[in-house]
Number of protein chains: 4
Amino acid sequence: MATRLTESAEYAHLWSTPQLRAVFDERLQTWLDILAALAAAQAELGLIPEEAARQIAEQARAERLDLEFVAAETRRTSHSTLGLIRGLQRLLPEPAREYVYYGATVQDLTDTWFGLVMRDVGGLIRDDLIRAHRSLLRLAAEHRDTVMSGRTHGQPGAPITFGFKAATWADEVGRHIVRLSEGAERWSVAQLAGAVGVLGFFEPHGQRLRKLFCARLGLSDPVVSWTSARDRVAEFGTVLSMVAATLARIGNEVYELQRSEIAELSEPVAAATVGSITMPHKRNPETSEHLDTLARLVRAASSVLVEGMAGGHERDGRAWKAEWAALPDVALAAGTAAALAADLVDRLVVHSDRMAENLGRTGWASERVLAELSRRLGKHRAQDLLHEALRSDADQVTALASRGVADPADLVTALASRGVADPAELARWTARPELATAVAMVDAVIARGTPGTTRATPEATPGPSEAARAAPESGTPEAARRTSEAPP
Amino acid sequence: MATRLTESAEYAHLWSTPQLRAVFDERLQTWLDILAALAAAQAELGLIPEEAARQIAEQARAERLDLEFVAAETRRTSHSTLGLIRGLQRLLPEPAREYVYYGATVQDLTDTWFGLVMRDVGGLIRDDLIRAHRSLLRLAAEHRDTVMSGRTHGQPGAPITFGFKAATWADEVGRHIVRLSEGAERWSVAQLAGAVGVLGFFEPHGQRLRKLFCARLGLSDPVVSWTSARDRVAEFGTVLSMVAATLARIGNEVYELQRSEIAELSEPVAAATVGSITMPHKRNPETSEHLDTLARLVRAASSVLVEGMAGGHERDGRAWKAEWAALPDVALAAGTAAALAADLVDRLVVHSDRMAENLGRTGWASERVLAELSRRLGKHRAQDLLHEALRSDADQVTALASRGVADPADLVTALASRGVADPAELARWTARPELATAVAMVDAVIARGTPGTTRATPEATPGPSEAARAAPESGTPEAARRTSEAPP
Amino acid sequence: MATRLTESAEYAHLWSTPQLRAVFDERLQTWLDILAALAAAQAELGLIPEEAARQIAEQARAERLDLEFVAAETRRTSHSTLGLIRGLQRLLPEPAREYVYYGATVQDLTDTWFGLVMRDVGGLIRDDLIRAHRSLLRLAAEHRDTVMSGRTHGQPGAPITFGFKAATWADEVGRHIVRLSEGAERWSVAQLAGAVGVLGFFEPHGQRLRKLFCARLGLSDPVVSWTSARDRVAEFGTVLSMVAATLARIGNEVYELQRSEIAELSEPVAAATVGSITMPHKRNPETSEHLDTLARLVRAASSVLVEGMAGGHERDGRAWKAEWAALPDVALAAGTAAALAADLVDRLVVHSDRMAENLGRTGWASERVLAELSRRLGKHRAQDLLHEALRSDADQVTALASRGVADPADLVTALASRGVADPAELARWTARPELATAVAMVDAVIARGTPGTTRATPEATPGPSEAARAAPESGTPEAARRTSEAPP
Amino acid sequence: MATRLTESAEYAHLWSTPQLRAVFDERLQTWLDILAALAAAQAELGLIPEEAARQIAEQARAERLDLEFVAAETRRTSHSTLGLIRGLQRLLPEPAREYVYYGATVQDLTDTWFGLVMRDVGGLIRDDLIRAHRSLLRLAAEHRDTVMSGRTHGQPGAPITFGFKAATWADEVGRHIVRLSEGAERWSVAQLAGAVGVLGFFEPHGQRLRKLFCARLGLSDPVVSWTSARDRVAEFGTVLSMVAATLARIGNEVYELQRSEIAELSEPVAAATVGSITMPHKRNPETSEHLDTLARLVRAASSVLVEGMAGGHERDGRAWKAEWAALPDVALAAGTAAALAADLVDRLVVHSDRMAENLGRTGWASERVLAELSRRLGKHRAQDLLHEALRSDADQVTALASRGVADPADLVTALASRGVADPAELARWTARPELATAVAMVDAVIARGTPGTTRATPEATPGPSEAARAAPESGTPEAARRTSEAPP
């Protein structure tokens, strides 16, 4: 049995996915591949015999290693990689065994592995976010006009459309796709630094060797050693902590709107799922709630990575070993969240009827009534009148006291009785929400398409007189140009 | 007296700078400017009278407000901005007073202010990082060949140059400059969302109004409301937490290397500084240590911002109010750190003589000896021999036991006595460190120049045969292209 | 204007209380009092002239200091207390001015102040928790039998009573009162350590001087200097982070149950409160939501204090200065939360009718039906039957799909049609919740009373046969004895 | 291979101990034991047949379960314990299989397991801290008079003794032993709550059943269900985060003082340890540095537990599942730290000769000289004189600039030349540190003994005149009485 619940046969599926587990379960083979790539690059420069590199590549197979010997040697020597090296040497003839891990240090191995993990897990998450983004754009389009209560501070307020809500999700997820691309340029790098970062063992071939080593692994060349410059790892963590937080936002929304008293959204449910043993009538928003759980774990582990950036000298074992625990935690939890969220939004159940019904029960029209009365009375006078009407009429007070919102019909009566508008006008104002702007924002988000994929057609250009002075849109090239200049 | 030590007359200078304080001290005027910009944009679209907008702009001056009235009304109404609005209305004639804050909500004001703060503080920090980057490049160039001990796990090891150390700092700071530019495209935005995000009050003019409003403030248009999409604020926090951590890394290095037992670096000291009252003979690395203090605060506050991303519905007061406290904390502490660090590296005192002297006392040559013997004996045999020599000779054991490092002269004797190399060879290997790769990395970092400023000439192109398959360098356009594609 | 929003005239009331602000606003006077106490203790031991101590006590008045001079000297000397010392010296004649801060160091002053702050703020919070605990016991008693839905995973399930919910709150708050008392024994201490902790300046009078100094300030004697042993400060932070989290739990519950779709609880509202300008029909749970905001800030700042515990040597300026910012943050936010929460629970509005109504709409009886059928069919067979009934009947499926819970009437029909129970039995099982155990737990919590105050009469003793082997109750003396022995 | 590095065969020994792993590796058997205890308690009350309870106890053996079936059913049903239940049912005859997990819910199982884990891991850690405390008292006694530099801000200052340093460690560790005992009374509890906390399934036997259930497991009875009251778990986390931070403080001190430039302390080293492959001359402080790594992980995971306290309703799956990951993380990392630290301090190597040698090189006497001159000149005049002497003499300036500390011989010359003291006096003052107070504090800490074990004889009572008003000592009964009363 695994020591940790989160790795146990029963529960590992909640904390990882098969693809993510593969990245980490194949660690030993990946480490061997890195050793083989190093030997190959060294042979290419003539630092070790070609034959040795060939033999190393051939024997560097996890299944051939005596894992118990490797583990025992690791413990016996208190050295992080000596067990592995001796395990591999056992498989090799003389003189190849002398050329294993030739001039490298532990961090060359583990940091290069980190580079591969960050590249691959970052890629998996980006793929899931692209999948989620497409589902969100579809939801935004389908429910562009599906009216529902906007809610602030947990209370139903003025109307929105569900498409608008989905568009704000898509917009945020879209920015994460961009962040993952920008970050990947920095974190998909290898490490070849040697004892203290200056590749002294390989003098004067250090830089050329590193370039060849990186190329063999499909990673970027870091230009300068980063044994103590841990911003790449920390950025990976912080971007993932933000990704997971956004997915938790979506999850929390589903969790709240699935409450049976609201019932506007539901998670898709698999047939064999057993919600509650003792309360068989219930359906729990399990995936949604788990997204919040995962986000907490990613955030906590990510802060360990940022803390580790402040380490000292040419290698700081305190920060570096903390990464051994925290980076996999970040990667597994965020990657699981991305996979779960992509599924969740893909098959999210939207109860449009309940959205309409709930909206009908709340005094959603007050913003509209306020706007109309503002034109007539001035805004603050209109506002005072509304507040007064809602607080002095007995029925309103009762409704507010017991349900927290006013009854819309009562509002009409109260205002009509004050003579500020006639009942017909009031009926018109409260008949149907006007949501042209919501819809236009939905269309704008859809028009942008999913970042990093084929773009949809651009939205309609604003009229010339306004456009001349109009603000650039966040995310467009103009914005980029403007904001990358330092402010005056 | 300020309630918080960090705002007190005596200590505020440790936790802010005049420029940063100005950004926050002028909050009230900035809020008034935002209200004036909103009125002006509304007048431009004909939503309110031109005259009202003009009068609002004229009276929206912090110095004219009755601040006690504003505060008292804020408390009395338990509403975040009603005090300010009523304070401004008092200054205005009818009907202009009806057009103050016309259709806006609190978050329109506070989020737009956040957009301005993030743009301006982000810009100040970027400027300080550019300044620091230039000093670091200068240090890298000046000390390109200044030999010193590399240190890992706190222990002196093989040699590096101080220029190499400075280059790794510059490299990391350079990535932050890029992150600040990339992030600024996302966080330099305004908010105009209305009650629940869909600008219902302004139907059907919402989008056009927002565009004009943004343009007047010099901020980007967010395309869709972000009242609950807090990734922009969180990204600002996480990037600043990483910036502060890097500056703490530099500070911690100075702190450790200024230890009087090491004494390789010193902080610059102002004449009137009193280090210790009771121990007048000491000089404390006050700025260096403070950089670590500030980084801790930024990291803690930044995690509040990421936590807030998981908020619910169209406005989540829990997350939003937490930002009120955490965003200024992040901005002030990180901004102070950037200013202090830029000064520190600008005037850092480097004791090259002590660097050489310390290096001479440690067995720095073991990596070089290992490399040379590896060619002769095979690497692992050479390694075993070195370990054996260092652990069996009585003098070495004593030296290791008492100082943690072997004596270099003893190493030469021990190896010569084993017949693996003659004394002349050994003397050559241990005479002078070879650091061609360190120097080449310094040159590469210098050649890249400071991001966002005029670039230096590119480094020499590698030869064709290698270049064909060589890894792209992290941060170059090729790297960008490659890594922004999803991995297979 | 204050630089921070949270200290501004408009908003400080959300982030502090007058009593808490007094603790911090009087910092300067408290520091002067500490200097006077030190001088008095020194005079008592004959280390300085009696007259000097008397003059110092007389002049050590904040209102007499030239604060601008103090601040300017602090900045000029870069020394934390030299400004204050010189400010006080200016007020004193010779030779008294030589005896100000005689042999002390900055940390003696700031840590002793911390001891006073922790004692006083800890006391204020404990008082508020005692007040809240009493209100919660009253709510538990009043609503001992008020039936409502228990909710798990956000979904209504089997019934509880509101008194039970209040009792779980009281139980948790009660443990915090105990923690505050236990912690206060550790954190209500002074510091008198001198330059490096061994009171070298005062040889050989150090210990006696510290004892007298502590006694004058009403603080405990730490026995050994704690300049780098920061567990006291960290414990204060972690206990407060837990206190604030519990209050946030109560706040979040009110926030959720005040949703107009649920409307089972409401915050008390002051008459002049303006909930929403643009949506005047809404009432927001402002205090409840603010409790969660405050808890986030306390947690973040508290982690800075724990991080600071790992500092080095005899004084670690990195950790210590971080406390300057984090301890006040912890104290102010947690203290504000305690005051707000005590008010909230004191005047909490409970809508018993809505609780009953909501419960009636959900299939709360399924646990009871399951229990009854289990006796007849076996538990797992009963469970399968219930699950089958709820998933196969068309009406149930519809109800589950749209509202997430089954209709109780349908459940009766479905089971009766399966012949496992007759309709009369089913009607009896679903008529009224049985909640004897809930009520008994409420009574047990009430019987324990509020910790640290006069205890209520103990609950009824269990019968002798069971009691012989019965588990001790958590919090009783038997439990204390048992668990303080190390497990085998 | 384990997915996580920290659980792999090679590295698990760095992140756990055999005893800690046993606690978690036996989870499945512990869960089965809990199910058997529940059945036994139910049979005792006549709720299920005695025979069924007997059969359940007999079959509830981890080695009999079909683990693949259990895992597959867990995934298929998406229910946390249904797989386990069905696995156990398969082993049982009718009707016993109906009485497995009779009326319980998942949290009854997992929270009761948490209670056992917290009791057992808390006990293991307490044992290790007691062991460490005894070693620290021994170090304090042995090195009661071993003179060394006190260091502040990383710089050597006035002298202390190493025994004093060890005493401050012991004092802090001692408080943790007390905290673990106090906390254990709260966290060593079982959970039996049923669906929503009111044990509805067992009406009216809930309370009696829980008492019997708790007694069988050796846990306290919680009095009221704590499904959403997570302060017990959070307190376990925060106390452990503080324990780990203190151990990191000790580790960091060893790490810094083992620097070869200082070399005052060394870690014990096992014979087969290989410090650095590429730099064989180095010895790394591996355990010391790992204590800091572990403390970071405990702190991060602990904050997840505090965050989880703010959960909602009668069960909050978000917080609860986060505990599944965070509680084991906290327990394993803190438990490993305690075991490592107990070993480290037990065999710590103290280089008294280096301590004396280093002290001789620094101007340690300035505090003593200041004290003596203060009596003659007044303190501030003495201070100014010292500062002036240290800053104006060319030699001093050079020494300060290059090493950060003044040369003691130069100080004597400089002062003698100023005529404030004659060379003989100065020589006396700087000849040998006076450390009577340091030694007295060491003796006081030793006299207190290790908390929770047989106490040493109390320290000598202070004289009557002083004792009358003397402050109580922190940690004594008087202190307890005083501070548990609320401040006025």
# chains A, B, ... in the order shown; residues from 1 in each chain; ligands from 1
call {"tool": "residues_around", "arguments": {"residues": "Gln191 in chain A", "least_positions_apart": "2", "cutoff": "7 Å", "atoms": "only C-alpha atoms", "output": "MDAnalysis selection string"}}
result
chainID A and resid 108 111:112 189 193 225
call {"tool": "residues_around", "arguments": {"residues": "Arg144 in chain C", "least_positions_apart": "2", "cutoff": "8 Å", "atoms": "only C-alpha atoms", "output": "number ranges by chain"}}
result
C: 139-142, 146, 161-164, 439, 442
call {"tool": "write_last_selection", "arguments": {"atoms": "C-alpha atoms", "output": "compact mmCIF listing (two decimals), in the first residue's frame"}}
result
# COMPACT_ATOMS: atom_id res chain seq x y z
CA LEU C 139 -28.99 30.26 20.55
CA ALA C 140 -28.37 26.56 21.19
CA ALA C 141 -30.85 26.58 24.05
CA GLU C 142 -33.48 28.63 22.26
CA THR C 146 -35.85 24.06 15.87
CA THR C 161 -31.81 21.32 14.80
CA PHE C 162 -30.46 24.81 14.60
CA GLY C 163 -29.54 24.47 18.25
CA PHE C 164 -27.25 21.60 17.30
CA VAL C 439 -30.91 17.56 21.55
CA VAL C 442 -26.99 20.46 22.68
call {"tool": "select_by_dssp", "arguments": {"residues": "range 159-386 of chain A", "states": "alpha helix (DSSP H)", "output": "MDAnalysis selection string"}}
result
chainID A and resid 162:187 206:217 231:257 286:308 317:346 352:361 366:377 379:386
call {"tool": "interface_residues", "arguments": {"of": "chain D", "to": "chain A", "cutoff": "6 Å", "atoms": "only C-alpha atoms", "output": "list of chain:residue names"}}
result
D:Thr3, D:Ala9, D:Glu10, D:Phe24, D:Asp25, D:Ala71, D:Thr77, D:Ser78, D:His79, D:Ala195, D:Ala272, D:Thr273, D:Val274, D:Thr278, D:Glu289, D:Asp292, D:Thr293, D:Ala300, D:Arg318, D:Ala322
call {"tool": "atom_distance", "arguments": {"atom1": "CA of Arg432 in chain C", "atom2": "CA of Arg354 in chain C"}}
result
16.2 Å
call {"tool": "select_by_dssp", "arguments": {"residues": "range 113-198 of chain D", "states": "strand (DSSP E)", "output": "PyMOL selection string"}}
result
chain D and resi 147-152+155-161
call {"tool": "residues_around", "arguments": {"residues": "range 166-171 of chain D", "least_positions_apart": "3", "cutoff": "9 Å", "atoms": "only C-alpha atoms", "output": "PyMOL selection string"}}
result
(chain C and resi 223-226+228-229) or (chain D and resi 132-141+143-144+161-163+174-175+246-247+249-250+441-443+445-446+450)
call {"tool": "write_last_selection", "arguments": {"atoms": "N, CA and C atoms", "output": "short mmCIF file (atom, residue, chain, number, x, y, z; two decimals), in the first residue's frame"}}
result
data_model
loop_
_atom_site.label_atom_id
_atom_site.label_comp_id
_atom_site.auth_asym_id
_atom_site.auth_seq_id
_atom_site.Cartn_x
_atom_site.Cartn_y
_atom_site.Cartn_z
N VAL C 223 12.69 33.50 31.85
CA VAL C 223 13.72 32.59 32.36
C VAL C 223 15.00 32.62 31.51
N VAL C 224 14.82 32.51 30.18
CA VAL C 224 15.99 32.61 29.30
C VAL C 224 15.58 33.52 28.13
N SER C 225 16.53 34.26 27.61
CA SER C 225 16.23 35.21 26.53
C SER C 225 15.61 34.48 25.33
N TRP C 226 14.71 35.16 24.64
CA TRP C 226 14.03 34.53 23.50
C TRP C 226 14.17 35.38 22.24
N SER C 228 15.81 34.87 19.60
CA SER C 228 15.66 34.05 18.39
C SER C 228 14.67 32.91 18.57
N ALA C 229 14.08 32.79 19.73
CA ALA C 229 13.09 31.73 19.98
C ALA C 229 11.71 32.35 19.83
N ALA D 132 15.24 14.76 22.24
CA ALA D 132 16.04 15.92 21.84
C ALA D 132 16.26 16.86 23.02
N HIS D 133 15.22 17.04 23.81
CA HIS D 133 15.32 17.95 24.95
C HIS D 133 16.41 17.48 25.92
N ARG D 134 16.44 16.19 26.14
CA ARG D 134 17.46 15.66 27.05
C ARG D 134 18.86 15.88 26.49
N SER D 135 19.02 15.66 25.19
CA SER D 135 20.34 15.92 24.58
C SER D 135 20.70 17.39 24.68
N LEU D 136 19.71 18.23 24.51
CA LEU D 136 19.99 19.67 24.56
C LEU D 136 20.37 20.09 25.98
N LEU D 137 19.72 19.53 26.98
CA LEU D 137 20.10 19.85 28.36
C LEU D 137 21.53 19.36 28.63
N ARG D 138 21.85 18.19 28.07
CA ARG D 138 23.20 17.69 28.23
C ARG D 138 24.22 18.62 27.57
N LEU D 139 23.93 19.05 26.34
CA LEU D 139 24.81 20.01 25.65
C LEU D 139 24.93 21.30 26.45
N ALA D 140 23.78 21.75 26.98
CA ALA D 140 23.79 22.99 27.76
C ALA D 140 24.69 22.84 28.97
N ALA D 141 24.61 21.69 29.61
CA ALA D 141 25.42 21.47 30.81
C ALA D 141 26.90 21.34 30.45
N HIS D 143 28.48 22.45 27.87
CA HIS D 143 29.07 23.66 27.30
C HIS D 143 28.58 24.92 27.99
N ARG D 144 28.19 24.74 29.23
CA ARG D 144 27.75 25.84 30.08
C ARG D 144 28.77 26.99 30.04
N THR D 161 27.85 31.74 25.69
CA THR D 161 28.43 30.39 25.77
C THR D 161 27.59 29.49 24.88
N PHE D 162 28.22 28.42 24.41
CA PHE D 162 27.44 27.50 23.58
C PHE D 162 26.34 26.84 24.41
N GLY D 163 26.60 26.66 25.71
CA GLY D 163 25.55 26.13 26.59
C GLY D 163 24.33 27.03 26.62
N GLY D 174 11.02 22.57 24.87
CA GLY D 174 10.21 22.24 26.05
C GLY D 174 8.79 22.77 25.93
N ARG D 175 8.64 23.98 25.41
CA ARG D 175 7.29 24.52 25.24
C ARG D 175 6.49 23.70 24.22
N THR D 246 11.04 25.17 14.77
CA THR D 246 12.08 25.20 15.80
C THR D 246 13.23 24.26 15.43
N LEU D 247 12.88 23.09 14.93
CA LEU D 247 13.93 22.15 14.54
C LEU D 247 14.72 22.70 13.36
N ARG D 249 15.24 25.86 12.97
CA ARG D 249 16.12 26.86 13.58
C ARG D 249 17.41 26.20 14.05
N ILE D 250 17.29 25.08 14.70
CA ILE D 250 18.49 24.36 15.16
C ILE D 250 19.31 23.92 13.94
N MET D 441 21.33 31.44 33.43
CA MET D 441 20.17 31.06 32.61
C MET D 441 20.27 29.60 32.20
N VAL D 442 21.46 29.17 31.85
CA VAL D 442 21.66 27.75 31.53
C VAL D 442 21.22 26.89 32.72
N ASP D 443 21.68 27.26 33.91
CA ASP D 443 21.34 26.48 35.10
C ASP D 443 19.83 26.47 35.34
N VAL D 445 17.44 26.71 33.13
CA VAL D 445 16.77 25.84 32.14
C VAL D 445 17.00 24.37 32.51
N ILE D 446 18.21 24.05 32.92
CA ILE D 446 18.50 22.67 33.32
C ILE D 446 17.67 22.29 34.54
N THR D 450 12.92 18.24 31.79
CA THR D 450 12.13 18.03 30.58
C THR D 450 10.64 17.93 30.93
#
call {"tool": "atom_distance", "arguments": {"atom1": "CA of Arg186 in chain B", "atom2": "CA of Arg232 in chain B"}}
result
6.1 Å
call {"tool": "atom_distance", "arguments": {"atom1": "CA of Thr238 in chain C", "atom2": "CA of Glu185 in chain D"}}
result
18.0 Å
call {"tool": "closest_residue", "arguments": {"among": "A:Leu217, A:Leu390, A:Glu182, A:Pro159", "to": "Ala436 in chain A", "atoms": "only C-alpha atoms"}}
result
A:Pro159
call {"tool": "residues_around", "arguments": {"residues": "Arg61 in chain D", "least_positions_apart": "2", "cutoff": "9 Å", "atoms": "only C-alpha atoms", "output": "short mmCIF file (atom, residue, chain, number, x, y, z; two decimals) with N, CA, C and O atoms, in the first residue's frame"}}
result
data_model
loop_
_atom_site.label_atom_id
_atom_site.label_comp_id
_atom_site.auth_asym_id
_atom_site.auth_seq_id
_atom_site.Cartn_x
_atom_site.Cartn_y
_atom_site.Cartn_z
N LEU D 28 -5.31 0.69 5.93
CA LEU D 28 -6.43 -0.19 5.59
C LEU D 28 -6.81 -1.06 6.78
O LEU D 28 -8.00 -1.22 7.10
N GLN D 29 -5.80 -1.60 7.47
CA GLN D 29 -6.11 -2.43 8.64
C GLN D 29 -6.74 -1.58 9.74
O GLN D 29 -7.69 -2.01 10.40
N LEU D 32 -10.29 -1.10 8.97
CA LEU D 32 -11.04 -2.33 9.26
C LEU D 32 -11.23 -2.48 10.77
O LEU D 32 -12.30 -2.90 11.24
N ASP D 33 -10.21 -2.13 11.54
CA ASP D 33 -10.33 -2.19 13.00
C ASP D 33 -11.44 -1.26 13.49
O ASP D 33 -12.16 -1.57 14.44
N ALA D 57 -15.29 -8.84 13.09
CA ALA D 57 -13.96 -8.71 13.69
C ALA D 57 -12.99 -9.75 13.13
O ALA D 57 -11.81 -9.47 12.90
N GLU D 58 -13.52 -10.94 12.89
CA GLU D 58 -12.68 -12.02 12.40
C GLU D 58 -12.21 -11.79 10.96
O GLU D 58 -11.07 -12.08 10.60
N GLN D 59 -13.11 -11.30 10.13
CA GLN D 59 -12.80 -11.15 8.71
C GLN D 59 -12.17 -9.80 8.36
O GLN D 59 -11.69 -9.62 7.24
N GLU D 63 -5.24 -8.44 4.89
CA GLU D 63 -4.63 -9.42 4.00
C GLU D 63 -5.67 -10.31 3.34
O GLU D 63 -5.39 -10.98 2.34
N ARG D 64 -6.89 -10.34 3.85
CA ARG D 64 -7.94 -11.16 3.22
C ARG D 64 -8.69 -10.42 2.12
O ARG D 64 -9.42 -11.03 1.36
N LEU D 65 -8.54 -9.11 2.08
CA LEU D 65 -9.31 -8.33 1.10
C LEU D 65 -8.75 -8.49 -0.31
O LEU D 65 -7.54 -8.61 -0.50
N LEU D 88 -15.27 -6.16 2.05
CA LEU D 88 -15.42 -6.86 3.32
C LEU D 88 -16.67 -7.75 3.31
O LEU D 88 -16.65 -8.89 3.80
#
